[in-house]
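What follows is upload08.cif (mmCIF, C-alpha atoms).
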```
data_entry
#
loop_
_atom_site.label_atom_id
_atom_site.label_comp_id
_atom_site.auth_asym_id
_atom_site.auth_seq_id
_atom_site.Cartn_x
_atom_site.Cartn_y
_atom_site.Cartn_z
CA MET A 160 47.23 7.81 93.60
CA ASP A 161 49.15 10.89 94.65
CA GLU A 162 48.96 11.72 98.29
CA VAL A 163 49.80 15.34 99.22
CA VAL A 164 50.80 15.92 102.84
CA LYS A 165 50.97 19.47 104.23
CA VAL A 166 53.82 20.47 106.49
CA GLY A 167 52.95 23.29 108.94
CA MET A 168 55.19 25.81 110.66
CA ALA A 169 57.58 24.22 113.16
CA ASP A 170 56.98 20.72 111.82
CA TRP A 171 58.58 18.11 109.56
CA LYS A 172 57.15 15.14 107.68
CA ILE A 173 58.53 12.27 105.65
CA THR A 174 56.81 10.11 103.07
CA THR A 175 57.55 7.48 100.42
CA HIS A 176 56.79 7.15 96.72
CA PRO A 177 54.33 8.25 95.26
CA GLY A 178 53.71 10.85 97.99
CA THR A 179 54.17 14.62 97.74
CA LEU A 180 54.98 17.02 100.57
CA MET A 181 54.01 20.69 100.53
CA THR A 182 54.17 23.88 102.54
CA LEU A 183 51.89 26.81 101.77
CA GLY A 184 53.17 30.36 102.08
CA LEU A 185 56.73 30.13 103.37
CA GLY A 186 57.95 33.57 104.45
CA SER A 187 61.08 34.01 106.55
CA CYS A 188 60.88 30.36 107.53
CA VAL A 189 62.96 27.90 105.49
CA GLY A 190 61.74 24.68 103.90
CA ILE A 191 64.44 21.99 103.84
CA CYS A 192 63.65 19.20 101.38
CA ILE A 193 65.70 16.00 101.45
CA TYR A 194 65.49 13.27 98.81
CA GLU A 195 66.68 9.66 98.99
CA THR A 196 67.54 9.10 95.34
CA LYS A 197 67.35 5.28 95.32
CA LYS A 198 64.35 4.50 97.52
CA LYS A 199 62.46 7.72 96.72
CA ILE A 200 61.90 8.61 100.35
CA ILE A 201 61.36 12.35 100.86
CA GLY A 202 61.33 14.65 103.87
CA MET A 203 60.38 18.30 104.33
CA ALA A 204 61.11 20.43 107.40
CA HIS A 205 59.61 23.90 107.99
CA VAL A 206 61.89 25.70 110.44
CA MET A 207 61.26 29.10 112.06
CA LEU A 208 64.52 29.88 113.83
CA PRO A 209 68.19 29.07 113.18
CA ASP A 210 69.57 27.94 116.51
CA SER A 211 67.97 26.00 119.38
CA LEU A 212 70.87 26.83 121.69
CA ALA A 213 70.18 30.58 121.46
CA VAL A 214 66.66 30.27 122.84
CA ARG A 215 65.20 29.41 126.23
CA SER A 216 62.00 27.82 124.96
CA ASN A 217 63.57 25.10 122.81
CA SER A 218 61.64 21.93 123.65
CA ASN A 219 59.94 21.91 120.24
CA ARG A 220 62.89 20.63 118.20
CA ALA A 221 61.01 20.97 114.89
CA LYS A 222 61.15 24.77 115.27
CA PHE A 223 64.92 25.08 114.76
CA ALA A 224 67.18 24.35 111.79
CA ASP A 225 69.92 22.77 113.94
CA THR A 226 67.57 20.22 115.55
CA ALA A 227 64.77 19.69 112.99
CA ILE A 228 67.07 18.61 110.13
CA PRO A 229 68.99 15.87 112.03
CA ASP A 230 65.74 14.57 113.57
CA MET A 231 64.13 14.33 110.14
CA VAL A 232 67.20 12.64 108.63
CA ASP A 233 67.16 10.08 111.47
CA ALA A 234 63.51 9.34 110.72
CA MET A 235 64.31 8.93 107.02
CA VAL A 236 67.13 6.50 107.85
CA LEU A 237 64.79 4.60 110.14
CA ALA A 238 62.35 4.37 107.20
CA GLY A 239 65.07 2.74 105.09
CA ALA A 240 66.96 5.69 103.57
CA GLU A 241 70.72 5.43 103.11
CA ARG A 242 72.67 8.51 104.15
CA LYS A 243 74.95 8.40 101.11
CA ASN A 244 71.92 8.69 98.80
CA LEU A 245 70.55 11.88 100.36
CA THR A 246 70.45 15.21 98.51
CA ALA A 247 68.90 18.47 99.72
CA LYS A 248 67.11 21.53 98.33
CA ILE A 249 66.15 24.56 100.37
CA ALA A 250 63.71 27.46 99.79
CA GLY A 251 62.27 30.40 101.73
CA GLY A 252 64.18 32.67 104.08
CA ALA A 253 62.64 35.86 102.68
CA GLN A 254 62.51 39.24 104.36
CA MET A 255 58.78 40.02 104.32
CA PHE A 256 58.90 43.55 105.78
CA ALA A 257 61.35 46.19 104.57
CA TYR A 258 61.70 47.70 108.01
CA THR A 259 61.10 46.66 111.62
CA SER A 260 62.58 48.10 114.79
CA ASN A 261 63.22 44.53 115.92
CA SER A 262 66.68 44.01 114.40
CA ASP A 263 66.61 40.30 115.28
CA ILE A 264 63.67 39.67 112.99
CA MET A 265 65.10 41.75 110.14
CA ARG A 266 67.64 39.15 109.13
CA VAL A 267 65.94 36.02 110.47
CA GLY A 268 65.23 34.68 106.96
CA ALA A 269 68.90 34.89 105.95
CA ARG A 270 70.00 33.42 109.28
CA ASN A 271 67.54 30.53 108.88
CA ALA A 272 68.97 29.81 105.42
CA ASP A 273 72.58 29.99 106.71
CA ALA A 274 71.81 27.65 109.61
CA SER A 275 70.10 25.18 107.27
CA ARG A 276 73.16 25.13 104.96
CA ASP A 277 75.50 24.70 107.94
CA THR A 278 73.46 21.83 109.37
CA LEU A 279 73.34 20.05 106.00
CA ARG A 280 77.11 20.46 105.67
CA THR A 281 77.64 18.96 109.14
CA LEU A 282 75.44 16.02 108.15
CA ARG A 283 77.38 15.68 104.85
CA ILE A 284 74.26 16.02 102.75
CA ALA A 285 74.84 17.70 99.37
CA LEU A 286 72.82 20.88 98.84
CA ILE A 287 71.94 20.73 95.15
CA ALA A 288 69.48 23.65 94.86
CA ASP A 289 68.93 26.81 96.87
CA ASP A 290 66.16 29.37 96.32
CA THR A 291 66.34 31.57 99.41
CA GLY A 292 66.16 35.29 100.15
CA GLY A 293 64.15 37.95 98.37
CA THR A 294 61.14 39.76 99.79
CA TYR A 295 58.30 37.44 98.78
CA GLY A 296 56.51 34.32 100.03
CA ARG A 297 56.82 30.89 98.44
CA THR A 298 54.64 27.80 98.29
CA ILE A 299 56.72 24.66 97.81
CA GLU A 300 55.79 21.20 96.60
CA PHE A 301 58.27 18.31 96.74
CA GLU A 302 57.71 15.19 94.64
CA SER A 303 58.97 11.74 95.53
CA THR A 304 58.91 10.58 91.88
CA ASN A 305 61.99 12.56 90.87
CA GLY A 306 62.84 14.87 93.79
CA ALA A 307 61.58 17.92 91.87
CA LEU A 308 60.76 20.95 93.97
CA MET A 309 58.08 23.27 92.62
CA ILE A 310 58.15 26.87 93.87
CA LYS A 311 55.09 29.10 93.46
CA THR A 312 55.01 32.82 94.25
CA ILE A 313 52.74 35.84 93.90
CA GLY A 314 54.30 38.04 91.22
CA HIS A 315 57.54 36.08 90.82
CA GLY A 316 56.21 33.15 88.83
CA VAL A 317 56.38 29.38 89.22
CA HIS A 318 59.56 27.40 88.72
CA TYR A 319 61.11 24.03 89.42
CA LEU A 320 64.37 23.27 91.18
CA MET B 143 55.12 33.41 138.19
CA SER B 144 54.96 34.30 134.57
CA THR B 145 56.23 32.79 131.39
CA ALA B 146 56.10 34.43 127.99
CA GLY B 147 53.86 31.76 126.50
CA PHE B 148 50.26 32.59 125.72
CA GLU B 149 49.35 28.91 126.11
CA THR B 150 49.52 29.30 129.88
CA LEU B 151 47.00 32.17 130.07
CA SER B 152 44.26 31.71 132.65
CA SER B 153 40.67 32.56 131.78
CA PHE B 154 40.95 35.64 134.01
CA GLN B 155 44.03 36.83 132.12
CA MET B 156 42.20 36.18 128.84
CA ASP B 157 39.29 38.32 130.09
CA VAL B 158 41.63 41.20 130.83
CA LEU B 159 43.21 40.94 127.36
CA LYS B 160 39.72 40.76 125.91
CA GLU B 161 38.96 44.07 127.59
CA VAL B 162 42.05 45.58 125.94
CA GLY B 163 40.66 44.28 122.64
CA ASN B 164 37.20 45.70 123.31
CA ILE B 165 38.38 49.17 124.19
CA GLY B 166 40.90 49.13 121.35
CA ALA B 167 38.29 48.12 118.79
CA GLY B 168 35.98 50.83 120.12
CA ASN B 169 38.73 53.42 119.73
CA ALA B 170 39.47 52.11 116.24
CA ALA B 171 35.81 52.30 115.15
CA THR B 172 35.63 55.90 116.39
CA ALA B 173 38.89 56.84 114.65
CA LEU B 174 37.82 55.18 111.38
CA ALA B 175 34.42 56.90 111.53
CA LYS B 176 36.13 60.26 111.95
CA MET B 177 38.59 59.66 109.14
CA LEU B 178 36.00 58.28 106.69
CA ASN B 179 33.21 60.57 107.85
CA LYS B 180 30.88 57.57 108.09
CA LYS B 181 29.17 55.68 110.84
CA ILE B 182 31.32 52.63 111.63
CA ASP B 183 30.04 49.90 113.92
CA MET B 184 32.02 47.06 115.39
CA LYS B 185 31.40 43.58 116.63
CA VAL B 186 32.86 42.49 119.94
CA PRO B 187 36.33 41.27 118.95
CA LYS B 188 37.34 37.70 119.59
CA ILE B 189 40.64 36.99 121.27
CA MET B 190 42.43 33.78 120.33
CA VAL B 191 45.55 31.82 121.08
CA MET B 192 46.66 29.66 118.20
CA GLN B 193 49.32 27.01 117.56
CA PHE B 194 51.93 27.89 114.93
CA SER B 195 50.89 24.98 112.72
CA GLU B 196 47.48 26.61 112.14
CA VAL B 197 48.62 30.21 111.73
CA GLY B 198 48.82 30.26 107.93
CA GLU B 199 45.16 29.46 107.46
CA LEU B 200 43.85 32.16 109.78
CA LEU B 201 42.14 34.43 107.27
CA GLY B 202 41.35 31.65 104.82
CA GLU B 203 43.92 29.96 102.62
CA ALA B 204 47.64 30.25 103.38
CA GLU B 205 48.32 31.15 99.75
CA GLU B 206 45.72 33.90 99.57
CA MET B 207 47.08 37.42 99.13
CA VAL B 208 46.74 39.62 102.23
CA VAL B 209 48.09 42.94 103.49
CA GLY B 210 50.21 42.96 106.65
CA ILE B 211 51.02 46.19 108.50
CA LEU B 212 53.77 45.80 111.09
CA LEU B 213 54.65 48.39 113.72
CA GLY B 214 57.19 48.30 116.50
CA VAL B 215 56.02 49.18 120.02
CA GLN B 216 58.20 51.49 122.11
CA GLY B 217 58.07 53.06 125.56
CA ASP B 218 57.46 51.26 128.85
CA MET B 219 57.07 47.99 126.97
CA HIS B 220 58.67 46.74 123.77
CA GLY B 221 57.43 44.47 121.06
CA SER B 222 55.43 44.62 117.86
CA ILE B 223 51.87 44.82 116.68
CA MET B 224 50.69 43.59 113.29
CA PHE B 225 47.41 43.96 111.41
CA VAL B 226 46.42 41.56 108.68
CA LEU B 227 43.65 42.57 106.31
CA ASP B 228 42.29 40.48 103.48
CA MET B 229 42.07 42.02 99.99
CA ASP B 230 38.34 42.77 100.26
CA ALA B 231 38.82 44.71 103.49
CA THR B 232 41.84 46.55 102.09
CA LYS B 233 40.02 47.49 98.88
CA LEU B 234 37.02 48.76 100.83
CA MET B 235 39.08 50.85 103.25
CA VAL B 236 41.36 52.35 100.58
CA ASN B 237 38.41 53.23 98.33
CA MET B 238 36.59 54.81 101.27
CA MET B 239 39.69 56.84 102.12
CA PHE B 240 40.00 58.13 98.55
CA VAL B 241 36.23 58.53 98.19
CA LYS B 242 36.17 56.24 95.15
CA PRO B 243 33.45 53.74 94.16
CA LEU B 244 33.88 50.82 96.57
CA ASP B 245 34.47 48.25 93.82
CA THR B 246 37.38 50.16 92.23
CA ALA B 247 40.24 47.70 91.68
CA LEU B 248 43.23 48.11 93.99
CA GLU B 249 46.55 49.22 92.62
CA PHE B 250 49.44 49.14 95.04
CA ASP B 251 51.05 52.42 94.01
CA ASP B 252 52.74 54.82 96.44
CA MET B 253 49.46 56.61 97.24
CA THR B 254 47.70 53.37 98.15
CA ARG B 255 50.65 52.15 100.17
CA SER B 256 50.83 55.31 102.22
CA ALA B 257 47.06 55.20 102.76
CA ILE B 258 47.41 51.66 104.11
CA GLN B 259 50.29 52.74 106.35
CA GLU B 260 48.13 55.55 107.68
CA LEU B 261 45.41 53.01 108.37
CA GLY B 262 48.00 51.01 110.31
CA ASN B 263 48.92 54.08 112.35
CA ILE B 264 45.29 54.70 113.23
CA LEU B 265 44.49 51.09 114.16
CA ALA B 266 47.71 50.57 116.12
CA GLY B 267 47.22 53.87 117.95
CA SER B 268 43.68 52.79 118.90
CA TYR B 269 44.76 49.52 120.47
CA LEU B 270 47.91 50.84 122.08
CA SER B 271 46.00 53.70 123.69
CA ALA B 272 43.59 51.10 125.15
CA LEU B 273 46.54 49.14 126.49
CA SER B 274 48.13 52.34 127.74
CA THR B 275 44.95 53.39 129.57
CA LEU B 276 44.50 50.01 131.24
CA THR B 277 48.14 49.68 132.29
CA ASN B 278 49.11 53.29 132.97
CA MET B 279 52.13 52.68 130.79
CA ASN B 280 53.50 54.97 128.16
CA ILE B 281 53.35 53.01 124.88
CA MET B 282 53.77 54.28 121.32
CA PRO B 283 53.90 52.70 117.87
CA ASP B 284 56.77 53.48 115.53
CA VAL B 285 56.82 53.65 111.72
CA PRO B 286 54.57 51.12 109.95
CA SER B 287 56.00 48.71 107.37
CA LEU B 288 53.94 46.86 104.74
CA ALA B 289 54.00 43.37 103.25
CA ILE B 290 51.54 42.38 100.54
CA ASP B 291 51.89 38.66 99.90
CA MET B 292 50.68 35.15 100.79
CA ALA B 293 48.87 34.97 104.14
CA GLY B 294 51.15 32.22 105.45
CA ALA B 295 54.29 34.18 104.60
CA VAL B 296 53.02 37.43 106.15
CA MET B 297 51.78 35.77 109.32
CA SER B 298 55.00 33.81 109.76
CA VAL B 299 56.55 37.10 110.89
CA PRO B 300 54.64 37.51 114.18
CA ALA B 301 54.93 33.75 114.71
CA ILE B 302 58.72 33.88 114.38
CA MET B 303 58.88 36.88 116.72
CA GLN B 304 56.93 34.87 119.26
CA ALA B 305 58.79 31.62 118.60
CA LYS B 306 61.65 32.38 120.98
CA ALA B 307 59.24 32.30 123.89
CA SER B 308 56.38 30.02 122.93
CA ASP B 309 54.64 27.82 120.35
CA THR B 310 51.56 30.00 120.04
CA VAL B 311 50.50 33.47 118.91
CA LEU B 312 47.86 35.74 120.41
CA TYR B 313 45.57 37.57 118.05
CA ILE B 314 42.37 39.56 118.11
CA GLU B 315 39.80 39.02 115.39
CA ASN B 316 38.05 42.26 114.48
CA GLU B 317 34.96 43.03 112.50
CA PHE B 318 34.03 46.61 111.61
CA ILE B 319 30.79 47.32 109.82
CA ASP B 320 29.81 50.14 107.48
CA GLY B 321 26.20 49.55 106.54
CA LYS B 322 26.27 46.24 104.69
CA ASN B 323 30.05 46.20 104.19
CA LYS B 324 32.07 44.12 106.60
CA ILE B 325 35.74 44.77 107.25
CA LEU B 326 37.54 41.79 108.74
CA GLY B 327 41.02 42.02 110.15
CA ASP B 328 43.30 40.28 112.61
CA LEU B 329 45.56 42.00 115.06
CA PHE B 330 48.63 40.26 116.48
CA LEU B 331 50.05 41.49 119.77
CA ILE B 332 53.68 40.45 120.16
CA PRO B 333 55.38 41.67 123.33
CA ASP B 334 59.13 41.03 123.54
CA GLU B 335 60.09 38.19 125.86
CA ASP B 336 60.88 40.54 128.77
CA SER B 337 57.90 42.84 128.14
CA TYR B 338 55.32 40.07 128.40
CA ALA B 339 55.67 39.91 132.20
CA VAL B 340 55.77 43.72 132.39
CA MET B 341 52.51 43.96 130.44
CA MET B 342 50.69 41.27 132.43
CA LYS B 343 51.83 42.79 135.71
CA ALA B 344 50.70 46.27 134.66
CA LEU B 345 47.31 44.79 133.73
CA GLY B 346 47.12 43.45 137.28
CA VAL B 347 47.24 39.80 136.17
CA GLY B 348 51.00 39.10 136.12
#
```
Once you've parsed the file, please lay out its structure as structure tokens.
Amino acid sequence: MDEVVKVGMADWKITTHPGTLMTLGLGSCVGICIYETKKKIIGMAHVMLPDSLAVRSNSNRAKFADTAIPDMVDAMVLAGAERKNLTAKIAGGAQMFAYTSNSDIMRVGARNADASRDTLRTLRIALIADDTGGTYGRTIEFESTNGALMIKTIGHGVHYL
Amino acid sequence: MSTAGFETLSSFQMDVLKEVGNIGAGNAATALAKMLNKKIDMKVPKIMVMQFSEVGELLGEAEEMVVGILLGVQGDMHGSIMFVLDMDATKLMVNMMFVKPLDTALEFDDMTRSAIQELGNILAGSYLSALSTLTNMNIMPDVPSLAIDMAGAVMSVPAIMQAKASDTVLYIENEFIDGKNKILGDLFLIPDEDSYAVMMKALGVG
């Protein structure tokens, strides 16, 4: 029985085998998917902004790359994951609009992806696949069976990382 | 006292924003009627505050293709305004603009894209002039930008803009009617962090 759990904006979830985690329609947000290779525990975070320290309203830690990822990793460890067995894949971080007068929002996708990579590096988790950037949305589905990440788009096909 | 989070709005503040929505939708119906040379009716728009986690599913499924038109707001307040139209509404409007049979399939060529941008100009102008009238502020939209993609991905943009200040977005659900054809669209109002207080104060509810 495959259980599919949806992860909304500014949220993260973890699950065990045979569960699947998914996020529908990632835009400039980034989906960070972490896999425990031995125990098949998976986690997916859906972050909106890179840096909690740059923002006044930062009580929702799941909103930011620098706080959501460590919180999720802690929860995975608590569920039995071993840190040395963790690998990561990230997707999203697109620029949905070609132009906006709000320069902050123009590069937010790229900054979210950078912050996610930096946070994973700090946590010493190997980033083994990266499908970020572009100008299109992505739906992602992360399987606990083998850690495969399916990426679906409109007009840019379906592929696996 | 004023924070930039829509979750703290009082029912009185909501009523005032609703009035902005009403007048804006009225202006928009008039402008659309003029442009299309048709009688366009409207329903009273609904104003909503929604948590980020639910945003993707606003117009239906998060993976469904929608059209987003984003415009910056300049003048006495700063921020952005975004319209989201589903494919049925977009097809209907574009075909009406080009005086084509209403079921003609949409092709997103340059002509169609500029027609949609023009639609964005008209709708944004309608709502901003309502806001301008009620606040006595000088507010203008700048150049519209388009995104045609998954609903969740398009709507993540206003959510991210709002995310620095709050965990919610404010939007106005519109319904315009041409005979038996319904045109559904959502309008996101996204004042910059500092402009939120300016706007509420100018509306007399800050």
Which residues of segment 159-226 of chain B come within 7 Å of segment 280-302 of chain B, and for each one, what is the closest pair of atoms and their distance in Å to one decimal, counting only C-alpha atoms, sorted by chain and residue number, as JSON lines?
```
{"residue": "B:Phe194", "atom": "CA", "partner": "B:Ala301", "partner_atom": "CA", "distance": 6.6}
{"residue": "B:Val197", "atom": "CA", "partner": "B:Met297", "partner_atom": "CA", "distance": 6.8}
{"residue": "B:Gly198", "atom": "CA", "partner": "B:Gly294", "partner_atom": "CA", "distance": 3.9}
{"residue": "B:Glu199", "atom": "CA", "partner": "B:Gly294", "partner_atom": "CA", "distance": 6.9}
{"residue": "B:Ala204", "atom": "CA", "partner": "B:Gly294", "partner_atom": "CA", "distance": 4.5}
{"residue": "B:Glu205", "atom": "CA", "partner": "B:Met292", "partner_atom": "CA", "distance": 4.8}
{"residue": "B:Glu206", "atom": "CA", "partner": "B:Met292", "partner_atom": "CA", "distance": 5.3}
{"residue": "B:Met207", "atom": "CA", "partner": "B:Met292", "partner_atom": "CA", "distance": 4.6}
{"residue": "B:Val208", "atom": "CA", "partner": "B:Ala293", "partner_atom": "CA", "distance": 5.5}
{"residue": "B:Val209", "atom": "CA", "partner": "B:Ile290", "partner_atom": "CA", "distance": 4.6}
{"residue": "B:Gly210", "atom": "CA", "partner": "B:Ala289", "partner_atom": "CA", "distance": 5.1}
{"residue": "B:Ile211", "atom": "CA", "partner": "B:Leu288", "partner_atom": "CA", "distance": 4.8}
{"residue": "B:Leu212", "atom": "CA", "partner": "B:Ser287", "partner_atom": "CA", "distance": 5.2}
{"residue": "B:Leu213", "atom": "CA", "partner": "B:Pro286", "partner_atom": "CA", "distance": 4.7}
{"residue": "B:Gly214", "atom": "CA", "partner": "B:Asp284", "partner_atom": "CA", "distance": 5.3}
{"residue": "B:Val215", "atom": "CA", "partner": "B:Pro283", "partner_atom": "CA", "distance": 4.6}
{"residue": "B:Gln216", "atom": "CA", "partner": "B:Met282", "partner_atom": "CA", "distance": 5.3}
{"residue": "B:Gly217", "atom": "CA", "partner": "B:Ile281", "partner_atom": "CA", "distance": 4.8}
{"residue": "B:Asp218", "atom": "CA", "partner": "B:Asn280", "partner_atom": "CA", "distance": 5.5}
{"residue": "B:Met219", "atom": "CA", "partner": "B:Ile281", "partner_atom": "CA", "distance": 6.6}
```
For the selection you just gave me, I'd like the residues written to a file as an mmCIF file, keeping the file's coordinate frame, keeping C-alpha atoms.
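And here is the file that came out, part-v3.cif:
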```
data_model
loop_
_atom_site.group_PDB
_atom_site.id
_atom_site.type_symbol
_atom_site.label_atom_id
_atom_site.label_comp_id
_atom_site.auth_asym_id
_atom_site.auth_seq_id
_atom_site.Cartn_x
_atom_site.Cartn_y
_atom_site.Cartn_z
ATOM 1 C CA PHE B 194 51.930 27.890 114.930
ATOM 2 C CA VAL B 197 48.620 30.210 111.730
ATOM 3 C CA GLY B 198 48.820 30.260 107.930
ATOM 4 C CA GLU B 199 45.160 29.460 107.460
ATOM 5 C CA ALA B 204 47.640 30.250 103.380
ATOM 6 C CA GLU B 205 48.320 31.150 99.750
ATOM 7 C CA GLU B 206 45.720 33.900 99.570
ATOM 8 C CA MET B 207 47.080 37.420 99.130
ATOM 9 C CA VAL B 208 46.740 39.620 102.230
ATOM 10 C CA VAL B 209 48.090 42.940 103.490
ATOM 11 C CA GLY B 210 50.210 42.960 106.650
ATOM 12 C CA ILE B 211 51.020 46.190 108.500
ATOM 13 C CA LEU B 212 53.770 45.800 111.090
ATOM 14 C CA LEU B 213 54.650 48.390 113.720
ATOM 15 C CA GLY B 214 57.190 48.300 116.500
ATOM 16 C CA VAL B 215 56.020 49.180 120.020
ATOM 17 C CA GLN B 216 58.200 51.490 122.110
ATOM 18 C CA GLY B 217 58.070 53.060 125.560
ATOM 19 C CA ASP B 218 57.460 51.260 128.850
ATOM 20 C CA MET B 219 57.070 47.990 126.970
#
```
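With the cut-off set to 6 Å and only C-alpha atoms counted, chain A residues close to chain B are Gly167, Met168, Leu183, Gly184, Leu185, Gly186, Met207, Val214, Ser216, Met255, Phe256, Tyr258, Ser260 and Gly296 of chain A.
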Original post:
Quick one: residues within 12 Å of Val236 of chain A, only C-alpha atoms counted, chain neighbours fewer than 3 positions away excluded, as a list in words?
Top reply: Ile173, Thr174, Ile193, Tyr194, Glu195, Lys198, Ile200, Ile201, Gly202, Pro229, Asp230, Met231, Val232, Asp233, Gly239, Ala240, Glu241, Arg242, Lys243, Asn244 and Leu245 of chain A
**OP:** Pick out the residues sitting within 9 Å of segment 250-253 of chain A, and hand them over as a PyMOL selection string; count all atoms listed in the file, and ignore anything fewer than 3 positions along from it in its own chain.
**Re:** (chain A and resi 185-192+266-272+288-299+310) or (chain B and resi 295)
Quick one: residues within 10 Å of Ser211 of chain A, all atoms listed in the file counted, chain neighbours fewer than 5 positions away excluded, as a PDB file with C-alpha atoms, in the coordinates of the input?
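As a result, result.pdb now contains:
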```
ATOM      1  CA  SER A 216      62.000  27.820 124.960  1.00  0.00           C
ATOM      2  CA  ASN A 217      63.570  25.100 122.810  1.00  0.00           C
ATOM      3  CA  SER A 218      61.640  21.930 123.650  1.00  0.00           C
ATOM      4  CA  ASN A 219      59.940  21.910 120.240  1.00  0.00           C
ATOM      5  CA  ARG A 220      62.890  20.630 118.200  1.00  0.00           C
ATOM      6  CA  ALA A 221      61.010  20.970 114.890  1.00  0.00           C
ATOM      7  CA  LYS A 222      61.150  24.770 115.270  1.00  0.00           C
ATOM      8  CA  PHE A 223      64.920  25.080 114.760  1.00  0.00           C
ATOM      9  CA  ALA A 224      67.180  24.350 111.790  1.00  0.00           C
ATOM     10  CA  ASP A 225      69.920  22.770 113.940  1.00  0.00           C
ATOM     11  CA  THR A 226      67.570  20.220 115.550  1.00  0.00           C
ATOM     12  CA  ALA A 227      64.770  19.690 112.990  1.00  0.00           C
TER      13      ALA A 227
ATOM     14  CA  LYS B 306      61.650  32.380 120.980  1.00  0.00           C
TER      15      LYS B 306
END
```
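You will find atom CA of Ser153 of chain B at 20.4 Å from atom CA of Ser337 of chain B.
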Centre, edges in Å (one decimal): axis-aligned box, segment 270-275 of chain A, 5 Å padding on all six sides, as JSON:
```
{"center_x": 70.1, "center_y": 29.3, "center_z": 107.5, "size_x": 15.0, "size_y": 18.2, "size_z": 14.2}
```
Subject >> Surrounding residues of segment 229-236 of chain B excluding itself and chain neighbours under 4 positions, 7 Å, all atoms listed in the file, as a ChimeraX atom specification >> reply: /B:207-208,240,244,248,254,257,325-326
**OP:** Give me, please, the distance in Å between atom CA of Tyr319 of chain A and atom CA of Glu300 of chain A, quoted to one decimal.
**Re:** 9.4 Å
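The interatomic distance for the pair atom CA of Asn169 of chain B and atom CA of Leu329 of chain B works out to 14.1 Å.
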Original post:
If the PyMOL selection byres ((chain B and resi 264-275) around 8) is run on the structure shown, which residues does it catch, given as a PyMOL selection string?
Top reply: chain B and resi 162-163+165-167+169-170+173-174+213+223+260-263+276-283
